[in-house]
Amino acid sequence: MARWSSPACLLAALLAVGCGDPPNREINQAQGAIDAARAAGADQYATAEYTAAVEALKSAQDAVGQRDYRLALDRAIESRERAQTAARDGANGKAQVRGEVERMMTEVATLVAQANVRLDAARKTRARELREPTEAVAEINAEMQKAGEAIRAGDYLSPKKRLADLKDRIQRVIAAIDEAMTRQPGRRRR
């Protein structure tokens with residue numbers, strides 16, 4: 001009987017080690033890292049890595065429910081590492097988009113200023129022909145204000161497309177002003 005008790009004890013010890021406790025500390029660390037990543041903008045600027053971190057955390061929680069604590073520990077650690085990477089990538093991505101948006105805002109503001117200067121010069125001789133470009137510049141100014149508000153609120157993705165569209169529109173307005181200025185007096189556009 002002593003012969004069988006030794007393997008039985010070994011088996012009981014292995015089962016006890018396998019059962020262990022759930023990796024709550026690591027799961028909490030992973031959740032904290034995911035929260036930090038979201039705060040850094042990873043959910044918008046590093047979506048793939050952020051999503052992988054969230055999925056790994058869910059997998060860890062599912063493994064705890066199945067009492068597979070080793071898998072839970074592995075997934076929790078993976079989640080934490082991916083969330084930390086997502087936070088870093090998200091902050092970098094947000095900074096990059098912010099720089100692009102600020103540059104675009106400056107470009108559009110410069111073009112609007114050029115359009116206003118040209119409109120002021122052209123109004124003296126062709127006020128009637130400049131009604132549409134004048135209205136277009138006013139609309140573009142209003143949309144730039146909205147883009148500026150979004151930027152001040154820390155949203156850089158939504159104004160990026162808007163500013164690209166505004167840049168194209170203001171360039172067309174400037175071309176229309178220039179065309180109106182080069183036409184012969186007395187000749188109207190059809």
# chains A, B, ... in the order shown; residues from 1 in each chain; ligands from 1
>>> residues_around(residues="Asn141 (chain A)", least_positions_apart="3", cutoff="12 Å", atoms="only C-alpha atoms", output="list in words")
Met105, Val108, Ala109, Thr110, Leu111, Val112, Ala113, Ala115, Asn116, Thr134, Glu135, Ala136, Val137, Ala138, Met144, Gln145, Lys146, Ala147, Gly148, Leu163, Leu166, Lys167, Arg169 and Ile170 of chain A
>>> atom_distance(atom1="CA of Val97 (chain A)", atom2="CA of Arg82 (chain A)")
21.6 Å
>>> closest_residue(among="A:Ala30, A:Ala83, A:Ile77, A:Val173", to="Glu139 (chain A)", atoms="only C-alpha atoms")
A:Val173
>>> closest_atom_pairs(of="region 78-164 of chain A", to="region 19-26 of chain A", cutoff="10 Å", atoms="only C-alpha atoms", output="CSV")
residue,atom,partner,partner_atom,distance
A:Glu78,CA,A:Glu26,CA,9.8
A:Ser79,CA,A:Glu26,CA,9.3
A:Arg80,CA,A:Glu26,CA,7.9
>>> write_last_selection(atoms="C-alpha atoms", output="CSV table (one decimal), in the first residue's frame")
chain,number,residue,atom,x,y,z
A,78,GLU,CA,-0.9,38.9,-23.6
A,79,SER,CA,-3.7,41.4,-23.1
A,80,ARG,CA,-1.6,43.6,-20.9
